[in-house]
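Chemist: Have a look at this one before I ask anything.
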Amino acid sequence: MTIRASGAGRKKNVIHLSKKRAVSVPPPQELLGNVAKDMWRKQAKVLTERGTFEPAHYPMLVLYCNAWHYMIMADQSVTAKAETHPVSGGLTSEGGSGGEKTNPTFTARNVAFNQFIRAGSLLGLDPLSSMRFSASFKDEGYGEFDKF
């Protein structure tokens, strides 16, 4: 008497979906300015060339590009303050009671940077996510020990 696993010999259910992917996605009006639009053009091109830009990614890419815009604007503001306050380097400003406090623009820059990093990671636009993404699409028939 032989024991047979359920489903053995049965063909797997394979669903073939025909997905039309975008070739080019123009910058949307929700972007804050030219800095964000330039970032959109660059990253939308990367995502479309990979074939991973889906309509569901649209809001995340808007967030990513706008966070970049805020980060650049905050950097410019901190740099301008650093020129007028060389001792603090733009990292601090005078508080209401006369003491120094962290420059609120620098804090806003850090918040924008964190949003940028998170959104980029979710989209696969940071180096680590990009490596994981490319590794998942390598030929599964070859392993590092196949030569032995």
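Chain labels A, B, ... are given in the sequence in which chains occur in the structure tokens; within each chain residues are numbered consecutively from 1, and ligands are likewise numbered from 1 in the order shown.
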Which residues, written as an MDAnalysis selection string, have at least one atom at most 12 Å from stretch 42-45 of chain A, with only C-alpha atoms counted and residues fewer than 3 positions away on the same chain left out?

Modeler: chainID A and resid 21:28 35:39 48:55 57:58 60:62 64:65 68 119:120 123:126

Chemist: With C-alpha atoms retained, export the selected residues as a compact mmCIF listing (two decimals), in the first residue's frame.

Modeler:
```txt
# COMPACT_ATOMS: atom_id res chain seq x y z
CA ARG A 21 2.68 48.94 -17.10
CA ALA A 22 3.30 52.61 -17.60
CA VAL A 23 6.15 53.58 -19.89
CA SER A 24 6.30 57.21 -18.80
CA VAL A 25 4.47 58.94 -15.98
CA PRO A 26 4.44 62.75 -16.10
CA PRO A 27 4.85 64.67 -12.83
CA PRO A 28 1.48 65.26 -11.10
CA VAL A 35 12.83 70.06 -6.98
CA ALA A 36 10.04 67.52 -6.41
CA LYS A 37 9.22 67.35 -10.14
CA ASP A 38 12.84 66.63 -11.03
CA MET A 39 12.93 63.86 -8.44
CA THR A 48 9.03 52.13 -14.99
CA GLU A 49 12.26 50.67 -16.38
CA ARG A 50 12.11 47.99 -13.67
CA GLY A 51 8.47 47.40 -14.53
CA THR A 52 7.39 47.94 -10.93
CA PHE A 53 5.49 51.23 -11.11
CA GLU A 54 1.88 50.42 -10.33
CA PRO A 55 -1.01 52.85 -9.81
CA HIS A 57 2.61 53.39 -5.88
CA TYR A 58 1.55 56.82 -7.11
CA MET A 60 3.92 56.94 -2.15
CA LEU A 61 6.06 58.42 -4.94
CA VAL A 62 4.33 61.80 -4.45
CA TYR A 64 8.76 60.61 -1.57
CA CYS A 65 9.26 63.52 -3.98
CA TRP A 68 12.78 65.48 -0.93
CA ALA A 119 8.89 56.05 1.29
CA GLY A 120 12.02 55.26 -0.73
CA LEU A 123 9.27 51.81 -3.27
CA GLY A 124 12.60 49.97 -3.50
CA LEU A 125 14.54 53.17 -4.23
CA ASP A 126 17.20 52.93 -1.54
```

Chemist: Any idea what's packed within 10 Å of A:Ser121, counting only C-alpha atoms, ignoring anything in its chain fewer than 6 positions away? Could you give it as an MDAnalysis selection string?

Modeler: chainID A and resid 64 115 127:130

Chemist: Write out as a list of chain:residue names all residues of stretch 77-127 of chain A that DSSP puts in strand (DSSP E) for this structure's backbone.

Modeler: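 In stretch 77-127 of chain A, DSSP puts these residues in strand (DSSP E): A:Thr92, A:Ser93, A:Glu94, A:Glu100, A:Lys101, A:Thr102.
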
Chemist: How many Å lie between atom CA of A:Ala80 and atom CA of A:Glu30, rounded to one decimal?

Modeler: 27.3 Å

Chemist: I need the residues in stretch 21-83 of chain A that are alpha helix (DSSP H) according to DSSP; give them as a PyMOL selection string.

Modeler: chain A and resi 34-50+58-83

Chemist: Give the answer as one residue: which of A:Thr105, A:Gly98, A:Met131, A:Tyr70 has the shortest atom-to-atom distance to A:Ala82, using only C-alpha atoms?

Modeler: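 For A:Ala82, the nearest of the candidates is A:Thr105.
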
Chemist: For a quick check of understanding, using only C-alpha atoms, which of A:Asn66, A:Gln29, A:Ser93, A:Asn34 has the smallest distance to A:Phe113?

Modeler: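 Nearest candidate to A:Phe113 out of A:Asn66, A:Gln29, A:Ser93, A:Asn34: A:Asn66.
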